[in-house]
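Structure file data-v1.pdb with PDB, C-alpha atoms:
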ATOM      1  CA  MET R   1     -18.700  -8.679 -84.159  1.00  0.00           C
ATOM      2  CA  LYS R   2     -22.091  -7.124 -83.624  1.00  0.00           C
ATOM      3  CA  TYR R   3     -24.701  -8.679 -81.358  1.00  0.00           C
ATOM      4  CA  ASN R   4     -28.312  -7.848 -80.615  1.00  0.00           C
ATOM      5  CA  ALA R   5     -28.901  -7.799 -76.894  1.00  0.00           C
ATOM      6  CA  GLU R   6     -32.319  -8.066 -75.303  1.00  0.00           C
ATOM      7  CA  VAL R   7     -32.798  -7.616 -71.564  1.00  0.00           C
ATOM      8  CA  LYS R   8     -36.148  -8.616 -70.070  1.00  0.00           C
ATOM      9  CA  ILE R   9     -36.742  -7.067 -66.682  1.00  0.00           C
ATOM     10  CA  SER R  10     -39.549  -8.178 -64.404  1.00  0.00           C
ATOM     11  CA  LEU R  11     -40.320  -7.727 -60.750  1.00  0.00           C
ATOM     12  CA  LYS R  12     -39.297 -10.591 -58.476  1.00  0.00           C
ATOM     13  CA  LYS R  13     -42.058 -12.924 -57.359  1.00  0.00           C
ATOM     14  CA  GLY R  14     -43.932 -11.495 -54.401  1.00  0.00           C
ATOM     15  CA  MET R  15     -43.131  -7.870 -55.225  1.00  0.00           C
ATOM     16  CA  LEU R  16     -46.169  -5.640 -55.584  1.00  0.00           C
ATOM     17  CA  ASN R  17     -46.706  -4.398 -59.141  1.00  0.00           C
ATOM     18  CA  PRO R  18     -48.936  -1.303 -58.923  1.00  0.00           C
ATOM     19  CA  GLU R  19     -48.754  -0.764 -62.687  1.00  0.00           C
ATOM     20  CA  ALA R  20     -50.188  -4.223 -63.354  1.00  0.00           C
ATOM     21  CA  SER R  21     -52.889  -3.792 -60.692  1.00  0.00           C
ATOM     22  CA  THR R  22     -53.919  -0.469 -62.219  1.00  0.00           C
ATOM     23  CA  ILE R  23     -54.159  -2.018 -65.685  1.00  0.00           C
ATOM     24  CA  GLN R  24     -56.235  -4.905 -64.359  1.00  0.00           C
ATOM     25  CA  ARG R  25     -58.581  -2.549 -62.507  1.00  0.00           C
ATOM     26  CA  ALA R  26     -58.969  -0.297 -65.542  1.00  0.00           C
ATOM     27  CA  LEU R  27     -59.739  -3.303 -67.757  1.00  0.00           C
ATOM     28  CA  ALA R  28     -62.348  -4.450 -65.228  1.00  0.00           C
ATOM     29  CA  LEU R  29     -63.980  -1.006 -65.328  1.00  0.00           C
ATOM     30  CA  LEU R  30     -64.321  -1.412 -69.101  1.00  0.00           C
ATOM     31  CA  GLY R  31     -65.898  -4.829 -68.609  1.00  0.00           C
ATOM     32  CA  TYR R  32     -62.909  -7.045 -69.429  1.00  0.00           C
ATOM     33  CA  GLU R  33     -62.235  -9.673 -66.830  1.00  0.00           C
ATOM     34  CA  VAL R  34     -58.608 -10.735 -66.830  1.00  0.00           C
ATOM     35  CA  LYS R  35     -56.421 -12.300 -64.157  1.00  0.00           C
ATOM     36  CA  GLY R  36     -52.802 -12.481 -63.122  1.00  0.00           C
ATOM     37  CA  THR R  37     -51.780  -9.291 -64.879  1.00  0.00           C
ATOM     38  CA  ASP R  38     -48.046  -8.704 -65.027  1.00  0.00           C
ATOM     39  CA  THR R  39     -45.744  -6.278 -66.802  1.00  0.00           C
ATOM     40  CA  ILE R  40     -42.290  -6.797 -68.272  1.00  0.00           C
ATOM     41  CA  GLN R  41     -39.883  -4.164 -69.478  1.00  0.00           C
ATOM     42  CA  THR R  42     -37.625  -5.056 -72.395  1.00  0.00           C
ATOM     43  CA  ILE R  43     -34.540  -3.076 -73.361  1.00  0.00           C
ATOM     44  CA  LYS R  44     -32.929  -3.817 -76.732  1.00  0.00           C
ATOM     45  CA  PHE R  45     -29.686  -2.585 -78.238  1.00  0.00           C
ATOM     46  CA  THR R  46     -26.743  -3.665 -80.361  1.00  0.00           C
ATOM     47  CA  ILE R  47     -23.287  -4.125 -78.938  1.00  0.00           C
ATOM     48  CA  ASP R  48     -19.930  -4.712 -80.575  1.00  0.00           C
ATOM     49  CA  GLU R  49     -17.815  -7.394 -78.858  1.00  0.00           C
ATOM     50  CA  GLU R  50     -15.403 -10.139 -79.944  1.00  0.00           C
ATOM     51  CA  ASP R  51     -17.683 -13.062 -79.066  1.00  0.00           C
ATOM     52  CA  GLU R  52     -21.039 -13.953 -77.578  1.00  0.00           C
ATOM     53  CA  LYS R  53     -19.656 -14.832 -74.138  1.00  0.00           C
ATOM     54  CA  VAL R  54     -17.942 -11.456 -73.721  1.00  0.00           C
ATOM     55  CA  ALA R  55     -21.082  -9.681 -74.946  1.00  0.00           C
ATOM     56  CA  ARG R  56     -23.213 -11.545 -72.424  1.00  0.00           C
ATOM     57  CA  GLU R  57     -20.853 -10.685 -69.555  1.00  0.00           C
ATOM     58  CA  GLU R  58     -20.815  -7.051 -70.619  1.00  0.00           C
ATOM     59  CA  VAL R  59     -24.617  -6.882 -70.730  1.00  0.00           C
ATOM     60  CA  ASP R  60     -24.857  -8.665 -67.369  1.00  0.00           C
ATOM     61  CA  ASP R  61     -22.556  -5.975 -65.975  1.00  0.00           C
ATOM     62  CA  MET R  62     -24.824  -3.245 -67.373  1.00  0.00           C
ATOM     63  CA  CYS R  63     -27.815  -4.911 -65.715  1.00  0.00           C
ATOM     64  CA  GLN R  64     -26.109  -5.023 -62.344  1.00  0.00           C
ATOM     65  CA  ARG R  65     -24.851  -1.458 -62.550  1.00  0.00           C
ATOM     66  CA  LEU R  66     -27.638   0.416 -64.268  1.00  0.00           C
ATOM     67  CA  LEU R  67     -30.493  -1.357 -66.016  1.00  0.00           C
ATOM     68  CA  CYS R  68     -31.901  -3.374 -63.108  1.00  0.00           C
ATOM     69  CA  ASN R  69     -32.211  -3.199 -59.395  1.00  0.00           C
ATOM     70  CA  PRO R  70     -31.089  -6.700 -58.350  1.00  0.00           C
ATOM     71  CA  VAL R  71     -32.946  -6.328 -55.046  1.00  0.00           C
ATOM     72  CA  ILE R  72     -36.361  -6.173 -56.691  1.00  0.00           C
ATOM     73  CA  HIS R  73     -35.855  -7.271 -60.312  1.00  0.00           C
ATOM     74  CA  ASP R  74     -35.262 -10.527 -62.123  1.00  0.00           C
ATOM     75  CA  TYR R  75     -33.636 -10.193 -65.493  1.00  0.00           C
ATOM     76  CA  GLU R  76     -33.035 -12.377 -68.504  1.00  0.00           C
ATOM     77  CA  ILE R  77     -30.441 -11.659 -71.180  1.00  0.00           C
ATOM     78  CA  LYS R  78     -30.696 -12.819 -74.782  1.00  0.00           C
ATOM     79  CA  ILE R  79     -27.747 -12.320 -77.125  1.00  0.00           C
ATOM     80  CA  THR R  80     -28.085 -13.022 -80.848  1.00  0.00           C
ATOM     81  CA  PRO R  81     -25.661 -12.279 -83.682  1.00  0.00           C
ATOM     82  CA  ASP R  82     -26.677  -9.191 -85.643  1.00  0.00           C
ATOM     83  CA  ASN R  83     -26.774 -10.276 -89.267  1.00  0.00           C
ATOM     84  CA  SER R  84     -27.908  -6.986 -90.716  1.00  0.00           C
TER      85      SER R  84
ATOM     86  CA  MET Z   1     -61.002 -22.180 -71.791  1.00  0.00           C
ATOM     87  CA  LYS Z   2     -58.145 -20.208 -70.296  1.00  0.00           C
ATOM     88  CA  TYR Z   3     -55.569 -18.438 -72.445  1.00  0.00           C
ATOM     89  CA  ASN Z   4     -52.372 -16.604 -71.663  1.00  0.00           C
ATOM     90  CA  ALA Z   5     -52.300 -13.289 -73.468  1.00  0.00           C
ATOM     91  CA  GLU Z   6     -49.138 -11.313 -74.074  1.00  0.00           C
ATOM     92  CA  VAL Z   7     -49.253  -7.815 -75.554  1.00  0.00           C
ATOM     93  CA  LYS Z   8     -45.977  -6.277 -76.736  1.00  0.00           C
ATOM     94  CA  ILE Z   9     -46.194  -2.517 -77.092  1.00  0.00           C
ATOM     95  CA  SER Z  10     -43.517  -0.497 -78.838  1.00  0.00           C
ATOM     96  CA  LEU Z  11     -43.332   2.992 -80.241  1.00  0.00           C
ATOM     97  CA  LYS Z  12     -43.972   3.319 -83.975  1.00  0.00           C
ATOM     98  CA  LYS Z  13     -40.930   3.762 -86.163  1.00  0.00           C
ATOM     99  CA  GLY Z  14     -39.806   7.361 -86.229  1.00  0.00           C
ATOM    100  CA  MET Z  15     -41.294   8.239 -82.827  1.00  0.00           C
ATOM    101  CA  LEU Z  16     -38.810   9.684 -80.374  1.00  0.00           C
ATOM    102  CA  ASN Z  17     -38.122   7.388 -77.431  1.00  0.00           C
ATOM    103  CA  PRO Z  18     -36.680   9.543 -74.623  1.00  0.00           C
ATOM    104  CA  GLU Z  19     -36.498   6.567 -72.254  1.00  0.00           C
ATOM    105  CA  ALA Z  20     -34.250   4.667 -74.670  1.00  0.00           C
ATOM    106  CA  SER Z  21     -32.078   7.725 -75.322  1.00  0.00           C
ATOM    107  CA  THR Z  22     -31.627   8.259 -71.598  1.00  0.00           C
ATOM    108  CA  ILE Z  23     -30.608   4.631 -71.084  1.00  0.00           C
ATOM    109  CA  GLN Z  24     -28.129   4.814 -73.960  1.00  0.00           C
ATOM    110  CA  ARG Z  25     -26.624   8.045 -72.625  1.00  0.00           C
ATOM    111  CA  ALA Z  26     -26.361   6.654 -69.083  1.00  0.00           C
ATOM    112  CA  LEU Z  27     -24.665   3.488 -70.390  1.00  0.00           C
ATOM    113  CA  ALA Z  28     -22.209   5.667 -72.343  1.00  0.00           C
ATOM    114  CA  LEU Z  29     -21.388   7.597 -69.167  1.00  0.00           C
ATOM    115  CA  LEU Z  30     -20.487   4.293 -67.510  1.00  0.00           C
ATOM    116  CA  GLY Z  31     -18.267   3.410 -70.474  1.00  0.00           C
ATOM    117  CA  TYR Z  32     -20.548   0.982 -72.305  1.00  0.00           C
ATOM    118  CA  GLU Z  33     -20.951   1.773 -75.952  1.00  0.00           C
ATOM    119  CA  VAL Z  34     -24.224   0.458 -77.324  1.00  0.00           C
ATOM    120  CA  LYS Z  35     -26.317   1.496 -80.299  1.00  0.00           C
ATOM    121  CA  GLY Z  36     -29.919   1.464 -81.458  1.00  0.00           C
ATOM    122  CA  THR Z  37     -31.392   1.293 -77.977  1.00  0.00           C
ATOM    123  CA  ASP Z  38     -35.108   0.623 -77.887  1.00  0.00           C
ATOM    124  CA  THR Z  39     -37.649  -0.240 -75.210  1.00  0.00           C
ATOM    125  CA  ILE Z  40     -40.679  -2.501 -75.343  1.00  0.00           C
ATOM    126  CA  GLN Z  41     -43.447  -2.797 -72.794  1.00  0.00           C
ATOM    127  CA  THR Z  42     -45.049  -6.210 -72.337  1.00  0.00           C
ATOM    128  CA  ILE Z  43     -48.350  -6.764 -70.553  1.00  0.00           C
ATOM    129  CA  LYS Z  44     -49.314 -10.342 -69.663  1.00  0.00           C
ATOM    130  CA  PHE Z  45     -52.532 -11.734 -68.246  1.00  0.00           C
ATOM    131  CA  THR Z  46     -54.853 -14.726 -68.441  1.00  0.00           C
ATOM    132  CA  ILE Z  47     -58.267 -14.509 -70.012  1.00  0.00           C
ATOM    133  CA  ASP Z  48     -61.175 -16.944 -70.095  1.00  0.00           C
ATOM    134  CA  GLU Z  49     -62.845 -17.254 -73.530  1.00  0.00           C
ATOM    135  CA  GLU Z  50     -64.404 -20.034 -75.603  1.00  0.00           C
ATOM    136  CA  ASP Z  51     -61.674 -20.178 -78.236  1.00  0.00           C
ATOM    137  CA  GLU Z  52     -58.418 -18.592 -79.340  1.00  0.00           C
ATOM    138  CA  LYS Z  53     -60.012 -16.406 -82.023  1.00  0.00           C
ATOM    139  CA  VAL Z  54     -62.461 -14.807 -79.595  1.00  0.00           C
ATOM    140  CA  ALA Z  55     -59.670 -14.300 -77.047  1.00  0.00           C
ATOM    141  CA  ARG Z  56     -57.521 -12.565 -79.663  1.00  0.00           C
ATOM    142  CA  GLU Z  57     -60.374 -10.258 -80.702  1.00  0.00           C
ATOM    143  CA  GLU Z  58     -61.078  -9.412 -77.078  1.00  0.00           C
ATOM    144  CA  VAL Z  59     -57.425  -8.581 -76.389  1.00  0.00           C
ATOM    145  CA  ASP Z  60     -57.228  -6.528 -79.600  1.00  0.00           C
ATOM    146  CA  ASP Z  61     -60.227  -4.574 -78.329  1.00  0.00           C
ATOM    147  CA  MET Z  62     -58.462  -3.940 -75.010  1.00  0.00           C
ATOM    148  CA  CYS Z  63     -55.422  -2.677 -76.898  1.00  0.00           C
ATOM    149  CA  GLN Z  64     -57.492  -0.242 -78.940  1.00  0.00           C
ATOM    150  CA  ARG Z  65     -59.480   1.019 -75.979  1.00  0.00           C
ATOM    151  CA  LEU Z  66     -56.968   1.093 -73.146  1.00  0.00           C
ATOM    152  CA  LEU Z  67     -53.595  -0.611 -73.390  1.00  0.00           C
ATOM    153  CA  CYS Z  68     -52.143   1.192 -76.413  1.00  0.00           C
ATOM    154  CA  ASN Z  69     -52.366   4.503 -78.137  1.00  0.00           C
ATOM    155  CA  PRO Z  70     -52.799   3.457 -81.794  1.00  0.00           C
ATOM    156  CA  VAL Z  71     -51.514   6.844 -82.933  1.00  0.00           C
ATOM    157  CA  ILE Z  72     -48.035   6.294 -81.514  1.00  0.00           C
ATOM    158  CA  HIS Z  73     -47.813   2.590 -80.655  1.00  0.00           C
ATOM    159  CA  ASP Z  74     -47.431  -0.644 -82.564  1.00  0.00           C
ATOM    160  CA  TYR Z  75     -48.647  -3.715 -80.740  1.00  0.00           C
ATOM    161  CA  GLU Z  76     -48.343  -7.442 -81.125  1.00  0.00           C
ATOM    162  CA  ILE Z  77     -50.663  -9.946 -79.480  1.00  0.00           C
ATOM    163  CA  LYS Z  78     -49.697 -13.508 -78.577  1.00  0.00           C
ATOM    164  CA  ILE Z  79     -52.366 -15.915 -77.322  1.00  0.00           C
ATOM    165  CA  THR Z  80     -51.392 -19.332 -75.961  1.00  0.00           C
ATOM    166  CA  PRO Z  81     -53.543 -21.929 -74.186  1.00  0.00           C
ATOM    167  CA  ASP Z  82     -53.000 -21.880 -70.433  1.00  0.00           C
ATOM    168  CA  ASN Z  83     -52.201 -25.462 -69.470  1.00  0.00           C
ATOM    169  CA  SER Z  84     -51.649 -24.872 -65.787  1.00  0.00           C
TER     170      SER Z  84
END

Mind converting the file's structure to structure tokens?
Amino acid sequence: MKYNAEVKISLKKGMLNPEASTIQRALALLGYEVKGTDTIQTIKFTIDEEDEKVAREEVDDMCQRLLCNPVIHDYEIKITPDNS
Amino acid sequence: MKYNAEVKISLKKGMLNPEASTIQRALALLGYEVKGTDTIQTIKFTIDEEDEKVAREEVDDMCQRLLCNPVIHDYEIKITPDNS
């Protein structure tokens, strides 16, 4: 069965996020005052596995091996059946 | 009042996404077969405005002027009251 997988990758709490700081500074230069800027990277794909549990384990494996750096990243996996 | 703003930025349909292709190829090299890989960038921040409508307009402005490139990007804005 086909599943849509969505992996949300963010930096762990306390890690510096230079991208977010740059965005916040650039917004301030344009006159927009915002706070607590943060960025999240989302990777989406479809995967073909027998059930949701296996799909989740497979995607977790991908995160550990390639998609994330577990030392600095937190990640969140969402698996939904692909009905298309 | 304070609002949490979330801007989801993705490439318009039909635009090449080299980042996604690279991820899909790298996953294939590790033996994971996935399809339709796509990436989305999310920027989050808090903003102080009188009401939700004004906050949304302000964030839309930021998207047009700095956060997105309207020629190649689609964006989606989510505004929620910040209860913290």

On this structure, which residues satisfy the PyMOL selection byres ((chain Z) within 6 of (chain R)), written as a ChimeraX atom specification? /Z:34-47

Given the file shown, determine the residues that the PyMOL selection byres ((chain Z and resi 12) around 12) selects; report them as an mmCIF file with C-alpha atoms, keeping the file's coordinate frame.
data_model
loop_
_atom_site.group_PDB
_atom_site.id
_atom_site.type_symbol
_atom_site.label_atom_id
_atom_site.label_comp_id
_atom_site.auth_asym_id
_atom_site.auth_seq_id
_atom_site.Cartn_x
_atom_site.Cartn_y
_atom_site.Cartn_z
ATOM 1 C CA ILE Z 9 -46.194 -2.517 -77.092
ATOM 2 C CA SER Z 10 -43.517 -0.497 -78.838
ATOM 3 C CA LEU Z 11 -43.332 2.992 -80.241
ATOM 4 C CA LYS Z 13 -40.930 3.762 -86.163
ATOM 5 C CA GLY Z 14 -39.806 7.361 -86.229
ATOM 6 C CA MET Z 15 -41.294 8.239 -82.827
ATOM 7 C CA LEU Z 16 -38.810 9.684 -80.374
ATOM 8 C CA ASN Z 17 -38.122 7.388 -77.431
ATOM 9 C CA ASP Z 38 -35.108 0.623 -77.887
ATOM 10 C CA THR Z 39 -37.649 -0.240 -75.210
ATOM 11 C CA ILE Z 40 -40.679 -2.501 -75.343
ATOM 12 C CA CYS Z 68 -52.143 1.192 -76.413
ATOM 13 C CA ASN Z 69 -52.366 4.503 -78.137
ATOM 14 C CA PRO Z 70 -52.799 3.457 -81.794
ATOM 15 C CA VAL Z 71 -51.514 6.844 -82.933
ATOM 16 C CA ILE Z 72 -48.035 6.294 -81.514
ATOM 17 C CA HIS Z 73 -47.813 2.590 -80.655
ATOM 18 C CA ASP Z 74 -47.431 -0.644 -82.564
ATOM 19 C CA TYR Z 75 -48.647 -3.715 -80.740
ATOM 20 C CA GLU Z 76 -48.343 -7.442 -81.125
#

Interatomic distance between atom CA of Ile79 of chain Z and atom CA of Arg56 of chain Z? 6.6 Å

Would you list the residues near (-57.3, -19.8, -77.6), meaning any protein, DNA or RNA residue with an atom at most 9 Å from that point in file coordinates, counting all atoms listed in the file, as a ChimeraX atom specification? /Z:1-4,48-56,79-82

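Here atom CA of Ile77 of chain R is placed at a distance of 22.4 Å from atom CA of Pro18 of chain Z.
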
Extending 4 Å beyond the listed atoms of segment 1-15 of chain Z on each side, what axis-aligned box results? I want centre and edge lengths in Å to one decimal, as AutoDock Vina command-line options.
--center_x -50.4 --center_y -7.0 --center_z -78.3 --size_x 29.2 --size_y 38.4 --size_z 23.9

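Across the structure, atom CA of Gln64 of chain Z and atom CA of Leu29 of chain R are spaced 15.1 Å apart.
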